[in-house]
Every structure is written in C-alpha cells, then in structure tokens.
Amino acid sequence: MLPCSGHLLLHAPSRPARAARLCCQAAKIKPKKGAGGKKGFGAEKQQKQEPAEPWEEEVLAPYKVYYKPNFKPPRYTGPIEPKRFKDGSIGVVAAEEVTGAELLSVSQPLAFLEGAMGSPPSVEDLHVAMLEAELGPAVAKILSYLPHKPSPAAAAGTSSSSSTDDPQQQQQQQQQQVDPTAQELPPSMMHLQPAFWGQVQQGAGGLAAKKVGSKQLMRLLQASCWSEEFQDPAAAQVRHERPQGFIGVWPELALLRHSCAPNSSVVVVGKHMLLHATADLDPGTEVTFNKLGSVIAAPLAARQAAHEELFGRPCRCSRCSLEATLPQETAQQLQALHAAADGEWPQRLQAALEGAEETDPEETAELLAELQAEVAADIEEVDAALAQHLPDREDQLAVLCGAYAAYDLAWQMEEVLAEEPDLDKLANCVALLRIFARGSESHLYTALILHQGVTSRAEAMVGAVQAMARKTQARQRRLAAEMQRMAASGEAASYAYAEALSCRYGMLPQEGLVPQLEQGLAMFYAGLSALSAAQGEGLDEVPEVTRNLTIDGIPVTVVDTVEGSAFAQPGEEGSQEVVQRKGGKQQQQQQQQRGLRVDWLEADVVEEGGGEEADAAEQQQQLLARS
Ligand SMILES: [Zn+2]
C-alpha cells in the first residue's frame, strides 16, 4: 500500500471532511486525580515555584504553549496592521521591518470546533454550531468585517459588469461583491489592538449589535475559516495531547489576503494560532497567506478559478503574474502534468501495488517501472520547456509548483520501489514547498526526511571511506570527491531543514525545546506508519511505538500501542466541542456524542532504567502533574 500521505496536507477552507480516517493517534496521558497524594492548592503552588529548565528562560512567552498544555498565551499582535486596498478588500501589511520567522500574532478563535483526527468537522458543521450557539453582538460585529465569499447575486454581477463600460458602476459592483460591509474599520481594529479583541471577550463593549444571517455566515466561513486534519503534531506530542482535526475562525488570519507564494504560516496548538513571517518583510509589504488549500499546488487556471469563487476577484500575486507569461503550449504541458499526477498516475500506482499479491511479481515490477519512467519523462519535458522560456531557476520553480503532485509522486515511487528515497527528487520537493507552503507541516516533514536521508548517506559514506582506507589511491580520491559533494548537499539539506523549522515554530532556543519538538514529530510519523501498516494488515498485530522524552530532566520512555477496533468502524459523529465567547463568559458546550470512539492508543509509561512498572507509572503521573 501507499505510504501514509503525510506529504501534502494542505487544506482548503471549504474542503469537506475526508471520509477516510487518518491512521494515527498520539498518546494522551492524563495525570490521575489524586496520584502522588498531595494535589491540594499548596502542592500546586509549590510545583509552580520549581526552577525552570535553563533553556526555558530563553523561550519567548507565547512559545510556552508548545510544551505547557494548560498555558493560555494572551492575544498578541506584532509589527503588522490591517489596510484597505484600492479594490476595497482588506489585507494586512508589515508596520515596520519584519525578519523571517518573526512572530506576527497569537490569536484565539472566535469559533472553534474539534473533531476526530484526520477528519475535521466541515464548514457546514461549524455553520450549524455557530448558529446554535447564538453569536454575541461583538462576535457578530467582528465577523461582519471579515472577508466573505461573494453572494450568488454579486457573483452574477461580476460577469455582467464585464460588459458595462461605466467605470463607476464597475467599481461599485466590485466593492459590493468584494466586501459586503464596505465600511470603515473601527480604529482599534485597524491596529489589531488587544483592547478591541478584549471587547469580544467582555461582551458588546459598546459595539452595536449586528445580526449575521445564516447565508451570510456561510459565505463568511467559506472565505474566512481555517481547518486542518490535525493540530501541530510535534507540539501535541510534547504536550501529551492527541492532535485533532479542527475548524475555526481566527480573525487575524482571516484578514490576510491570499498569495500563491505566501510569506506567512500558522501553527495551531490546542485552539491557539501562532502566525509567523516566513520571509523578511520591508515596512508596507503585504503579509500574505495561502487561502486556497491544496489548489495552491495546481496550475494558474485552477488557482484563478478558486480565488475568483472565494473572493470575487482574480489573484494577482507574483507567481500568477509569472505563470501568465507562459506560452500556451507550455501552460498546457504543465496542466497535463498536474492532471496526470493528480488522477491517473496515483490510481495506476495503487492498482499495481494492490494487484501485487495476486499477479506475478515480475509483472508488477514491470508496471511500476513503466509508470516511473513515464512520470520522469513528463517531468523532464516540462522542465525543459520552462527552461527555454524562463532562464531564472527560481522563476522556473515558482511555475513548477503547479505540478507539485508530479514531483511528490516521483519521490514517493522511488521510496516504494527502491530501498531509500532519491534525495535529489526529494530536494526538488523541498524547493517547491518552500515557495508555496513555507513553514507548513508538509514543508517541515519533507525537509526533515531530506535532512535525515542526507545525514545517513553521509554516515554510510564515512564508513565506506574507512573500509576503503587500504585500497587504491584512485579509489580514495574518487571517494573524497564524492564526500565533498555530499558535504555540500548535506549543508544545503541542513539549511533547508533549519529554515522549515524556524518558519513553522519561530526562533526557538536550540537547547531543550527544538529537540523535544523534533522528537514529537518523529514520534508522530512513526505512529502514522505503524497505524498505516496495522490498517494494511487487518490489525492482526498491535504495533508499538516507543518514544523517549525528557520531562523535568528525567528521561522517560513512553510506549504507545494501537487499539484496532476504533478506526475499523468509525461512528457517525465525533466528540465535538464548541467554544463561543459571548457576553463576557466563555461558554463551553461539550457534546459528547455516541458513536465514534477515538481511543485508539493506550499509553503505557515506564521510567527508563526498569523498576516496578506500577511504581514507574505512578512516578510518571506525578511528573506529568508537575509539568
Ligand atoms: Zn496567485
């Protein structure tokens, strides 16, 4: 079977919840109530006064959310401010110089819905939940400022407006469909001041009540909500939580406009969203984000259609402008490459692999080799055509992002067919991801695999050189040259990985936190593979995944085991939680519904170095209670 698709996890806001259950759950370890005796107020206070790890002092306050499950980072707005552009739409620009990986905002959702991992609640689910929860006036007011998908009437107006010659009428129509509110933003919102968001939490705060109708709310959610199949997997591991699928509305993110080569990324931990710059920005530069989900990895026509549908105007980003200059023939080649990689090729790969058990292995190998050659030839053809038209490699890469699926498939096939992935193919994927999905979980994951691949190959090479020590000088020289080449690509891979890491998580101290997040990520993907394998094997065996953590300076080994019954038969509805801030109180509505059981993993915790298991588990509970 195909390796679990951890590669392209980009999510269109309106993307329906995926039917297939994703295959992994992290362990959730809850401290037992009363474990360790004293659990009173005094005991907790004492715990809080414990000295922090040396690296913790270097951690910027909001980043504590990566490792403290109960930490609630306050809302924060960095050097950015909203701006209304000439076409009437609202966006966000850098208010001063911003460096790459800088924290731009820490945001809380206006509405948030959690579902099972791998299948987040749909836009419809969120729509129903928000209507049922009765929006407070302040929430409704803020929502009314956020981008909406044009109404069908406005969209119809667009097509007819192209025939009108009256520029004033055109502008009016454009304004209507771009922004149904077309009103001045309150000054406090223009500066994204915490005071403004505070009003949301404290009730109306002087804001006039504004009714948001059902249809309007739906159009707003289609253009302004954010959904992922799981919260940040690394932070979830470090926080001892399960990453769940979620959907929500974060106003700061909703205000950003789309670009197909965006310069910001988000990481969602629990309900908190941290927005980071993924490039250096001069004052006044617009901060952009991918609002098209996986369509961002499609060629120009598909992106324009999606952007037009969501925002009522075409995308005018640098990548789109560049791609628009392609000769028609090249554009068609790119389109064909994307179409094959998005449909026919994966189907053929799947069919060949599924049929492998019944048919002659040689026949399967032949089918796969044939497919691989076809993919490689088509990629090469488009590459060559582009090189003729665009001399600059960066420009070529920007256009090639539209055929990312082909590059992704090419390296996945290499991984399926060969023992180890083709690192050059993998490096191509990283180069493309850093253009259209910089700082995304896919970018980080792919950069990590590349980094690990290059590192392990370099280690193998050192071994080979040592073994060759007594061989001929010519052989040694050849190896030395190869070593130099490896060192260069190793440096490039390390840099690419470090960049992906900082674009996703911000600038963190290298001690303590980064290794924990890395370990969490590795653990998460190990879990994905184990569960994927368990699914493939009909869950006859219960796989175990071991991870080593350091909690309060004590090395701890956590063993996760997979429980099969749950994802074999998912129920109709998941366990969902709705949080609405209304009337000064955070109203929590917990809907524990029958059906889906997501307790796939059980965690057995044992302290390193052996000892009685029960004692070790109890000690672990105490440790967790403290942390
Ligand atoms: Zn674009």
# chains A, B, ... in the order shown; residues from 1 in each chain; ligands from 1

call {"tool": "residues_near_ligand", "arguments": {"ligand": "ligand 1", "cutoff": "10 Å", "atoms": "only C-alpha atoms and all ligand atoms", "output": "count of residues only"}}
result
25

call {"tool": "atom_distance", "arguments": {"atom1": "CA of Val238 in chain A", "atom2": "CA of His272 in chain A"}}
result
15.4 Å

call {"tool": "closest_residue", "arguments": {"among": "A:Leu368, A:Leu450, A:Ala298, A:Ala336", "to": "Ala351 in chain A", "atoms": "only C-alpha atoms"}}
result
A:Leu368

call {"tool": "residues_around", "arguments": {"residues": "Leu433 in chain A", "least_positions_apart": "4", "cutoff": "9 Å", "atoms": "only C-alpha atoms", "output": "CSV table (one decimal) with N, CA, C and O atoms, in the first residue's frame"}}
result
chain,number,residue,atom,x,y,z
A,401,CYS,N,5.6,24.8,-9.2
A,401,CYS,CA,4.8,24.5,-8.1
A,401,CYS,C,3.4,24.0,-8.5
A,401,CYS,O,2.8,23.2,-7.8
A,404,TYR,N,3.3,20.3,-8.5
A,404,TYR,CA,3.9,19.7,-7.3
A,404,TYR,C,3.6,18.2,-7.2
A,404,TYR,O,4.4,17.4,-6.8
A,428,ASN,N,14.0,18.4,-4.8
A,428,ASN,CA,13.1,19.2,-5.6
A,428,ASN,C,11.8,19.5,-4.9
A,428,ASN,O,11.3,20.6,-5.0
A,429,CYS,N,11.3,18.5,-4.2
A,429,CYS,CA,10.0,18.8,-3.5
A,429,CYS,C,10.2,19.9,-2.4
A,429,CYS,O,9.3,20.7,-2.3
A,437,ALA,N,4.4,26.7,0.3
A,437,ALA,CA,3.9,26.2,1.6
A,437,ALA,C,5.0,26.3,2.6
A,437,ALA,O,5.1,25.5,3.5
A,438,ARG,N,5.7,27.4,2.6
A,438,ARG,CA,6.8,27.6,3.5
A,438,ARG,C,6.3,27.6,5.0
A,438,ARG,O,5.4,28.4,5.3
A,439,GLY,N,6.9,26.8,5.8
A,439,GLY,CA,6.5,26.8,7.2
A,439,GLY,C,5.4,25.9,7.5
A,439,GLY,O,4.9,25.7,8.6
A,440,SER,N,4.8,25.2,6.4
A,440,SER,CA,3.7,24.3,6.6
A,440,SER,C,4.3,23.0,7.2
A,440,SER,O,5.5,22.7,7.1
A,442,SER,N,3.8,20.1,5.9
A,442,SER,CA,4.3,19.3,4.8
A,442,SER,C,5.8,19.7,4.5
A,442,SER,O,6.6,18.9,4.2
A,443,HIS,N,6.0,21.0,4.5
A,443,HIS,CA,7.4,21.6,4.2
A,443,HIS,C,8.4,21.0,5.2
A,443,HIS,O,9.4,20.5,4.9
A,446,THR,N,9.0,17.2,4.8
A,446,THR,CA,9.8,16.8,3.7
A,446,THR,C,11.2,17.2,3.9
A,446,THR,O,12.1,16.5,3.5

call {"tool": "atom_distance", "arguments": {"atom1": "CA of Ser151 in chain A", "atom2": "CA of Ser224 in chain A"}}
result
14.3 Å

call {"tool": "closest_atom_pairs", "arguments": {"of": "range 375-398 of chain A", "to": "range 343-346 of chain A", "cutoff": "12 Å", "atoms": "only C-alpha atoms", "output": "CSV"}}
result
residue,atom,partner,partner_atom,distance
A:Val375,CA,A:Trp345,CA,8.1
A:Ala376,CA,A:Trp345,CA,11.8
A:Asp378,CA,A:Trp345,CA,11.7

call {"tool": "write_last_selection", "arguments": {"atoms": "N, CA, C and O atoms", "output": "PDB file, in the first residue's frame"}}
result
ATOM      1  N   VAL A 375       6.477   9.067 -15.561  1.00  0.00           N
ATOM      2  CA  VAL A 375       6.460  10.252 -14.691  1.00  0.00           C
ATOM      3  C   VAL A 375       7.730  11.068 -14.908  1.00  0.00           C
ATOM      4  O   VAL A 375       7.683  12.285 -15.124  1.00  0.00           O
ATOM      5  N   ALA A 376       8.877  10.364 -14.881  1.00  0.00           N
ATOM      6  CA  ALA A 376      10.166  11.059 -15.017  1.00  0.00           C
ATOM      7  C   ALA A 376      10.259  11.765 -16.366  1.00  0.00           C
ATOM      8  O   ALA A 376      10.711  12.913 -16.447  1.00  0.00           O
ATOM      9  N   ASP A 378       7.845  12.851 -18.356  1.00  0.00           N
ATOM     10  CA  ASP A 378       6.942  14.008 -18.450  1.00  0.00           C
ATOM     11  C   ASP A 378       7.450  15.196 -17.636  1.00  0.00           C
ATOM     12  O   ASP A 378       7.332  16.347 -18.053  1.00  0.00           O
TER      13      ASP A 378
END

call {"tool": "residues_around", "arguments": {"residues": "His338 in chain A", "least_positions_apart": "3", "cutoff": "7 Å", "atoms": "only C-alpha atoms", "output": "list in words"}}
result
Ala298, Leu334, Gln335, Ala341, Asp342, Gly402, Ala403, Ala405 and Ala406 of chain A

call {"tool": "atom_distance", "arguments": {"atom1": "CA of Gly512 in chain A", "atom2": "CA of Arg242 in chain A"}}
result
21.3 Å

call {"tool": "residues_around", "arguments": {"residues": "range 98-109 of chain A", "least_positions_apart": "3", "cutoff": "9 Å", "atoms": "only C-alpha atoms", "output": "VMD selection string"}}
result
chain A and resid 62 73 to 80 94 to 95 112 248 to 253 263 to 264 271 to 283 439 499 502 to 507 579 to 581

call {"tool": "residues_around", "arguments": {"residues": "Leu426 in chain A", "least_positions_apart": "3", "cutoff": "10 Å", "atoms": "only C-alpha atoms", "output": "compact mmCIF listing (two decimals) with N, CA, C and O atoms, in the first residue's frame"}}
result
# COMPACT_ATOMS: atom_id res chain seq x y z
N TYR A 407 6.03 15.86 -8.76
CA TYR A 407 7.30 15.73 -8.03
C TYR A 407 7.13 14.90 -6.77
O TYR A 407 7.98 14.10 -6.40
N ASP A 408 6.00 15.09 -6.12
CA ASP A 408 5.71 14.33 -4.91
C ASP A 408 5.58 12.84 -5.25
O ASP A 408 6.14 11.99 -4.57
N ALA A 410 6.87 11.35 -7.81
CA ALA A 410 8.16 10.82 -8.27
C ALA A 410 9.00 10.35 -7.09
O ALA A 410 9.61 9.28 -7.14
N TRP A 411 9.02 11.10 -6.01
CA TRP A 411 9.85 10.65 -4.88
C TRP A 411 9.16 9.56 -4.07
O TRP A 411 9.81 8.65 -3.57
N GLN A 412 7.84 9.62 -4.02
CA GLN A 412 7.13 8.54 -3.33
C GLN A 412 7.35 7.20 -4.03
O GLN A 412 7.52 6.17 -3.39
N GLU A 414 9.90 6.38 -5.81
CA GLU A 414 11.28 5.99 -5.54
C GLU A 414 11.34 5.28 -4.18
O GLU A 414 12.01 4.27 -4.01
N PRO A 421 14.93 6.68 -0.47
CA PRO A 421 14.41 7.69 -1.41
C PRO A 421 15.54 8.33 -2.21
O PRO A 421 16.68 8.41 -1.77
N ASP A 422 15.18 8.79 -3.40
CA ASP A 422 16.12 9.53 -4.24
C ASP A 422 16.21 10.95 -3.67
O ASP A 422 15.25 11.71 -3.71
N LEU A 423 17.37 11.27 -3.12
CA LEU A 423 17.50 12.54 -2.40
C LEU A 423 17.39 13.75 -3.32
O LEU A 423 16.93 14.81 -2.90
N CYS A 429 11.28 18.54 -4.18
CA CYS A 429 10.02 18.76 -3.45
C CYS A 429 10.19 19.87 -2.41
O CYS A 429 9.33 20.73 -2.26
N VAL A 430 11.31 19.82 -1.69
CA VAL A 430 11.55 20.85 -0.66
C VAL A 430 11.65 22.23 -1.30
O VAL A 430 11.08 23.21 -0.81
N ALA A 431 12.34 22.28 -2.46
CA ALA A 431 12.50 23.57 -3.16
C ALA A 431 11.14 24.14 -3.57
O ALA A 431 10.93 25.35 -3.53
N THR A 446 8.96 17.18 4.84
CA THR A 446 9.76 16.81 3.68
C THR A 446 11.21 17.24 3.88
O THR A 446 12.13 16.49 3.53
N ALA A 447 11.40 18.43 4.46
CA ALA A 447 12.77 18.89 4.73
C ALA A 447 13.46 17.97 5.74
O ALA A 447 14.66 17.71 5.64
N ILE A 449 12.85 14.70 6.20
CA ILE A 449 13.21 13.43 5.53
C ILE A 449 14.47 13.63 4.69
O ILE A 449 15.36 12.79 4.69
N LEU A 450 14.54 14.76 4.03
CA LEU A 450 15.72 15.05 3.21
C LEU A 450 16.96 15.15 4.09
O LEU A 450 17.99 14.54 3.81
N HIS A 451 16.82 15.90 5.16
CA HIS A 451 17.94 16.10 6.09
C HIS A 451 18.42 14.75 6.64
O HIS A 451 19.62 14.47 6.66
N GLY A 453 17.92 11.79 5.34
CA GLY A 453 18.46 10.97 4.24
C GLY A 453 19.89 11.34 3.93
O GLY A 453 20.76 10.48 3.81
